[in-house]
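Dropping data26.pdb in here (PDB, C-alpha atoms and all ligand atoms):
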ATOM      1  CA  MET T 222      50.809  25.960 168.577
ATOM      2  CA  ILE T 223      47.756  26.371 166.322
ATOM      3  CA  PRO T 224      48.609  28.240 163.095
ATOM      4  CA  ALA T 225      46.932  31.649 162.730
ATOM      5  CA  HIS T 226      47.398  32.091 158.957
ATOM      6  CA  HIS T 227      45.886  29.555 156.564
ATOM      7  CA  PRO T 228      45.577  28.987 152.791
ATOM      8  CA  SER T 229      42.465  30.597 151.290
ATOM      9  CA  THR T 230      39.430  28.428 150.497
ATOM     10  CA  GLU T 231      40.294  28.928 146.812
ATOM     11  CA  ARG T 232      43.758  27.394 147.382
ATOM     12  CA  LEU T 233      42.304  24.459 149.330
ATOM     13  CA  VAL T 234      39.821  23.846 146.485
ATOM     14  CA  ASP T 235      42.732  23.874 143.996
ATOM     15  CA  TYR T 236      44.567  21.461 146.305
ATOM     16  CA  ALA T 237      41.566  19.125 146.652
ATOM     17  CA  LEU T 238      41.109  19.137 142.843
ATOM     18  CA  GLY T 239      44.820  18.405 142.274
ATOM     19  CA  HIS T 240      45.172  21.664 140.306
ATOM     20  CA  LEU T 241      48.059  23.157 142.261
ATOM     21  CA  ASP T 242      51.532  23.375 140.787
ATOM     22  CA  PRO T 243      53.683  20.664 142.517
ATOM     23  CA  SER T 244      55.797  23.290 144.375
ATOM     24  CA  PHE T 245      52.729  25.136 145.665
ATOM     25  CA  ARG T 246      51.167  21.795 146.604
ATOM     26  CA  LEU T 247      54.156  20.910 148.768
ATOM     27  CA  VAL T 248      53.913  24.232 150.634
ATOM     28  CA  VAL T 249      50.194  23.609 151.280
ATOM     29  CA  GLU T 250      50.982  20.050 152.434
ATOM     30  CA  ALA T 251      53.607  21.392 154.848
ATOM     31  CA  HIS T 252      50.879  23.644 156.305
ATOM     32  CA  LEU T 253      48.450  20.695 156.521
ATOM     33  CA  ALA T 254      51.097  18.793 158.508
ATOM     34  CA  PHE T 255      50.740  21.527 161.175
ATOM     35  CA  CYS T 256      47.077  22.467 160.886
ATOM     36  CA  GLU T 257      44.315  20.186 162.111
ATOM     37  CA  GLY T 258      41.661  22.714 161.007
ATOM     38  CA  CYS T 259      42.754  22.754 157.356
ATOM     39  CA  ARG T 260      43.285  18.963 157.396
ATOM     40  CA  ALA T 261      39.630  18.619 158.376
ATOM     41  CA  ARG T 262      38.481  21.161 155.758
ATOM     42  CA  VAL T 263      40.101  19.438 152.741
ATOM     43  CA  PRO T 264      37.831  16.329 152.771
ATOM     44  CA  GLN T 265      34.806  18.581 153.451
ATOM     45  CA  ILE T 266      35.709  20.691 150.411
ATOM     46  CA  ALA T 267      36.417  17.585 148.328
ATOM     47  CA  ALA T 268      32.964  16.206 149.240
ATOM     48  CA  THR T 269      31.278  19.308 147.808
ATOM     49  CA  LEU T 270      33.143  19.036 144.492
ATOM     50  CA  GLU T 271      31.818  16.957 141.673
ATOM     51  CA  ASP T 272      33.180  13.434 141.899
ATOM     52  CA  PRO T 273      33.467  11.802 138.458
ATOM     53  CA  LEU T 274      33.783   8.373 140.112
ATOM     54  CA  GLN T 275      30.487   8.767 141.948
ATOM     55  CA  GLU T 276      28.533   7.010 139.168
ATOM     56  CA  ALA T 277      30.923   4.065 138.970
ATOM     57  CA  PRO T 278      29.459   0.819 140.364
ATOM     58  CA  PRO T 279      30.993  -0.290 143.689
ATOM     59  CA  GLN T 280      33.838  -2.759 143.315
ATOM     60  CA  PRO T 281      34.366  -5.622 145.765
ATOM     61  CA  VAL T 282      37.472  -5.091 147.915
ATOM     62  CA  PRO T 283      39.948  -7.954 147.435
ATOM     63  CA  SER T 284      40.269 -10.033 150.572
ATOM     64  CA  ARG T 285      43.269  -9.365 152.792
ATOM     65  CA  LEU T 286      44.006  -6.116 150.856
ATOM     66  CA  PHE T 287      43.955  -4.026 154.025
ATOM     67  CA  GLU T 288      46.293  -6.389 155.871
ATOM     68  CA  SER T 289      48.770  -6.505 152.980
ATOM     69  CA  LEU T 290      48.779  -2.687 152.689
ATOM     70  CA  LEU T 291      49.334  -2.368 156.429
ATOM     71  CA  THR T 292      52.249  -4.812 156.283
ATOM     72  CA  ARG T 293      53.830  -2.807 153.446
ATOM     73  CA  VAL T 294      53.388   0.514 155.296
ATOM     74  CA  ARG T 295      54.941  -0.964 158.462
ATOM     75  CA  ALA T 296      57.919  -2.201 156.427
ATOM     76  CA  LEU T 297      58.698   1.324 155.143
ATOM     77  CA  PRO T 298      61.777   2.858 156.763
ATOM     78  CA  ALA T 299      61.035   5.556 159.348
ATOM     79  CA  PRO T 300      61.736   9.044 157.947
ATOM     80  CA  THR T 301      65.002  10.554 159.126
ATOM     81  CA  ALA T 302      65.926  14.171 159.802
ATOM     82  CA  PRO T 303      66.895  15.980 156.570
ATOM     83  CA  ARG T 304      70.627  16.566 156.010
ATOM     84  CA  CYS T 305      72.500  18.907 153.743
ATOM     85  CA  GLY T 306      76.072  17.671 153.450
ATOM     86  CA  ASN T 307      77.052  16.801 157.038
ATOM     87  CA  GLU T 308      74.600  19.256 158.586
ATOM     88  CA  ILE T 309      71.391  17.915 160.157
ATOM     89  CA  LEU T 310      68.701  20.537 159.608
ATOM     90  CA  PRO T 311      66.565  21.305 162.692
ATOM     91  CA  LEU T 312      63.232  20.966 160.906
ATOM     92  CA  PRO T 313      60.050  19.543 162.467
ATOM     93  CA  ALA T 314      59.537  15.800 162.018
ATOM     94  CA  SER T 315      56.052  16.426 160.576
ATOM     95  CA  VAL T 316      57.610  17.649 157.294
ATOM     96  CA  TRP T 317      60.592  15.272 156.996
ATOM     97  CA  ASN T 318      58.865  12.914 154.598
ATOM     98  CA  LEU T 319      57.553  15.799 152.458
ATOM     99  CA  LEU T 320      60.994  17.164 151.624
ATOM    100  CA  PRO T 321      63.094  15.820 148.754
ATOM    101  CA  ASN T 322      66.643  14.584 149.352
ATOM    102  CA  LEU T 323      68.707  17.664 150.281
ATOM    103  CA  SER T 324      72.041  15.955 150.942
ATOM    104  CA  SER T 325      73.824  16.997 147.720
ATOM    105  CA  LEU T 326      72.386  20.535 147.453
ATOM    106  CA  THR T 327      74.487  23.658 147.955
ATOM    107  CA  TRP T 328      73.570  26.644 150.099
ATOM    108  CA  GLN T 329      73.180  29.968 148.293
ATOM    109  CA  GLY T 330      72.456  33.496 149.399
ATOM    110  CA  ALA T 331      74.295  36.773 149.538
ATOM    111  CA  ALA T 332      71.353  39.170 149.886
ATOM    112  CA  SER T 333      71.788  39.524 153.608
ATOM    113  CA  PRO T 334      74.232  38.282 156.294
ATOM    114  CA  GLY T 335      72.623  35.439 158.218
ATOM    115  CA  PHE T 336      70.424  34.451 155.280
ATOM    116  CA  ARG T 337      70.878  31.412 153.045
ATOM    117  CA  PHE T 338      68.666  29.176 150.935
ATOM    118  CA  LEU T 339      68.550  25.843 149.126
ATOM    119  CA  ARG T 340      66.932  25.490 145.725
ATOM    120  CA  LEU T 341      64.968  22.238 146.061
ATOM    121  CA  PRO T 342      64.370  19.918 143.127
ATOM    122  CA  ALA T 343      60.793  20.444 141.952
ATOM    123  CA  PRO T 344      60.074  18.160 139.007
ATOM    124  CA  GLN T 345      57.174  19.179 136.745
ATOM    125  CA  SER T 346      56.873  22.502 138.526
ATOM    126  CA  ASP T 347      56.814  25.936 136.891
ATOM    127  CA  ALA T 348      57.667  27.564 140.215
ATOM    128  CA  GLU T 349      60.852  27.550 142.256
ATOM    129  CA  LEU T 350      60.818  25.660 145.521
ATOM    130  CA  LEU T 351      63.127  27.066 148.192
ATOM    131  CA  LEU T 352      64.102  26.185 151.729
ATOM    132  CA  LEU T 353      65.137  29.430 153.420
ATOM    133  CA  HIS T 354      67.079  29.897 156.639
ATOM    134  CA  LEU T 355      67.333  33.236 158.470
ATOM    135  CA  ARG T 356      69.382  33.393 161.656
ATOM    136  CA  LYS T 357      67.598  34.920 164.649
ATOM    137  CA  ALA T 358      66.945  38.668 164.182
ATOM    138  CA  CYS T 359      68.272  38.528 160.576
ATOM    139  CA  ARG T 360      66.799  41.280 158.378
ATOM    140  CA  PHE T 361      65.981  40.469 154.783
ATOM    141  CA  PRO T 362      66.249  43.433 152.355
ATOM    142  CA  GLU T 363      63.071  45.215 151.266
ATOM    143  CA  HIS T 364      61.608  43.416 148.271
ATOM    144  CA  GLY T 365      58.500  42.738 146.242
ATOM    145  CA  HIS T 366      57.505  39.750 144.130
ATOM    146  CA  LEU T 367      57.248  39.373 140.383
ATOM    147  CA  GLY T 368      54.543  36.729 140.683
ATOM    148  CA  THR T 369      52.955  34.748 143.486
ATOM    149  CA  GLU T 370      54.912  33.511 146.480
ATOM    150  CA  GLN T 371      53.509  30.960 148.909
ATOM    151  CA  SER T 372      55.419  30.529 152.132
ATOM    152  CA  MET T 373      55.087  28.356 155.147
ATOM    153  CA  ILE T 374      57.022  28.838 158.392
ATOM    154  CA  LEU T 375      58.606  25.578 159.549
ATOM    155  CA  CYS T 376      60.345  26.881 162.704
ATOM    156  CA  GLY T 377      60.799  30.226 164.416
ATOM    157  CA  GLY T 378      59.001  33.227 162.992
ATOM    158  CA  LEU T 379      59.115  36.367 160.888
ATOM    159  CA  GLN T 380      57.823  39.873 161.356
ATOM    160  CA  ASP T 381      57.182  42.500 158.698
ATOM    161  CA  GLU T 382      55.051  45.608 158.144
ATOM    162  CA  PHE T 383      51.956  43.383 157.863
ATOM    163  CA  GLY T 384      52.307  41.328 161.049
ATOM    164  CA  THR T 385      53.975  38.258 162.522
ATOM    165  CA  LEU T 386      54.120  34.732 161.145
ATOM    166  CA  GLU T 387      55.065  31.784 163.337
ATOM    167  CA  ALA T 388      55.586  28.028 162.943
ATOM    168  CA  GLY T 389      52.760  26.504 160.910
ATOM    169  CA  ASP T 390      51.619  29.808 159.408
ATOM    170  CA  TYR T 391      51.004  30.013 155.670
ATOM    171  CA  GLU T 392      51.138  33.192 153.633
ATOM    172  CA  GLU T 393      50.555  34.082 150.021
ATOM    173  CA  SER T 394      52.204  37.248 148.653
ATOM    174  CA  THR T 395      51.412  38.832 145.309
ATOM    175  CA  ALA T 396      53.364  41.293 143.164
ATOM    176  CA  GLU T 397      51.847  44.311 144.935
ATOM    177  CA  LYS T 398      53.234  43.377 148.338
ATOM    178  CA  ILE T 399      56.516  45.064 149.247
ATOM    179  CA  HIS T 400      57.949  44.157 152.625
ATOM    180  CA  ARG T 401      61.082  43.903 154.743
ATOM    181  CA  PRO T 402      60.845  40.748 156.887
ATOM    182  CA  VAL T 403      62.985  40.208 159.950
ATOM    183  CA  ALA T 404      63.378  36.894 161.802
ATOM    184  CA  LEU T 405      62.133  36.903 165.387
ATOM    185  CA  ALA T 406      64.877  37.504 167.943
ATOM    186  CA  ASP T 407      64.639  34.288 169.942
ATOM    187  CA  GLU T 408      64.936  31.545 167.310
ATOM    188  CA  ASP T 409      66.297  30.939 163.802
ATOM    189  CA  CYS T 410      63.584  30.964 161.158
ATOM    190  CA  TRP T 411      63.217  28.208 158.557
ATOM    191  CA  LEU T 412      60.622  28.455 155.836
ATOM    192  CA  LEU T 413      59.509  26.694 152.729
ATOM    193  CA  SER T 414      58.653  28.980 149.817
ATOM    194  CA  SER T 415      57.325  28.469 146.357
ATOM    195  CA  VAL T 416      57.884  31.400 143.999
ATOM    196  CA  ASP T 417      56.619  31.630 140.448
ATOM    197  CA  GLY T 418      58.131  34.935 139.352
ATOM    198  CA  GLY T 419      61.203  35.742 141.426
ATOM    199  CA  VAL T 420      61.987  38.518 143.850
ATOM    200  CA  ARG T 421      62.394  42.233 143.060
ATOM    201  CA  PHE T 422      64.530  44.273 145.462
ATOM    202  CA  THR T 423      63.071  47.705 146.091
ATOM    203  CA  GLY T 424      65.638  49.306 148.434
ATOM    204  CA  TRP T 425      69.155  50.349 147.391
ATOM    205  CA  ARG T 426      69.822  46.759 146.270
ATOM    206  CA  ARG T 427      67.598  47.379 143.229
ATOM    207  CA  PHE T 428      70.572  49.179 141.608
ATOM    208  CA  PHE T 429      72.568  45.928 141.642
ATOM    209  CA  GLN T 430      70.002  43.453 140.454
ATOM    210  CA  PRO T 431      70.113  42.395 136.817
TER     211      PRO T 431
HETATM  212 ZN    ZN R 501      45.340  25.872 158.297
END

Render the structure in this file as structure tokens.
Amino acid sequence: MIPAHHPSTERLVDYALGHLDPSFRLVVEAHLAFCEGCRARVPQIAATLEDPLQEAPPQPVPSRLFESLLTRVRALPAPTAPRCGNEILPLPASVWNLLPNLSSLTWQGAASPGFRFLRLPAPQSDAELLLLHLRKACRFPEHGHLGTEQSMILCGGLQDEFGTLEAGDYEESTAEKIHRPVALADEDCWLLSSVDGGVRFTGWRRFFQP
């Protein structure tokens, strides 16, 4: 399936320049793993940006460098499906090597039955990186965001007041957006989210949040 929702040009420029926070970068990279169109755009964007190395004189390539790199790449172990404890997570192979080691992490989540999440290690990041799992047809409570949230659907899909997102789709939500997502009825939904300000519940749950 070809994704219908993509990062903005501004985000892809930030990505090409290496200016994205590491958590946001990983969410964009997960989208690139699905999206041939954006994969093709990144080098085009990078080519239009100023390249400080452009003036450097060309260096001769050491002989046999390519062959030795190829040998090293071939010797790398094949990525394996991510696990959390004894559970193998049904995530697409295209993102296996992007995810950190999840094996010792603990599931959290009490906001809604059928919803749980893992807080992923995100070194040098100011944002939180989360792997979220909603069982099919699970409703997440109405909420807004205190900062920016970038999300990327890994499997299944979500529907809210603004439309439907399916595997490969990328979405950026700002503080103004209040929504009540529900997982599509036919498949569990897994998504990768990077959040830099937290979530603000706006329904009755707002009375219980600190
Ligand atoms: Zn795309």

Rows by chain and residue number, chain T within 6 Å of ligand ZN 501 (chain R), shortest pair, only C-alpha atoms and all ligand atoms, as CSV:
residue,atom,partner,partner_atom,distance
T:His227,CA,R:ZN501,ZN,4.1
T:Cys256,CA,R:ZN501,ZN,4.6
T:Gly258,CA,R:ZN501,ZN,5.6
T:Cys259,CA,R:ZN501,ZN,4.2

Selection file, C-alpha atoms, as a PDB file, in the frame of the given file:
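Below is the file that was written, part.pdb:
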ATOM      1  CA  HIS T 227      45.886  29.555 156.564  1.00  0.00           C
ATOM      2  CA  CYS T 256      47.077  22.467 160.886  1.00  0.00           C
ATOM      3  CA  GLY T 258      41.661  22.714 161.007  1.00  0.00           C
ATOM      4  CA  CYS T 259      42.754  22.754 157.356  1.00  0.00           C
TER       5      CYS T 259
END

**OP:** Apply the PyMOL selection byres (((chain T and resi 409) around 6) and not hetatm) to the displayed file and report the matching residues as a list in words.
**Re:** Leu355, Arg356, Lys357, Gly377, Glu408 and Cys410 of chain T

Subject >> Hits from the PyMOL selection byres (((chain T and resi 324) around 9) and not hetatm), listed as number ranges by chain >> reply: T: 303-308, 322-323, 325-327

**OP:** Starting from the shown file, work through the PyMOL selection byres (((chain T and resi 240-242) around 10) and not hetatm) and note down what comes out as a ChimeraX atom specification.
**Re:** /T:232-239,243-247,249,343,345-348,415,417

**OP:** Would you please work out which residue, of T:Trp411, T:Phe383, T:Phe336, T:Tyr391, is nearest to T:Gln371 when using all atoms listed in the file?
**Re:**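 Of the candidates, the smallest distance to T:Gln371 is held by T:Tyr391.
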
Subject >> Atomic separation - atom CA of T:Ala314 relative to atom CA of T:Ala254, Å >> reply: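 Result for atom CA of T:Ala254 versus atom CA of T:Ala314: 9.6 Å, one decimal.
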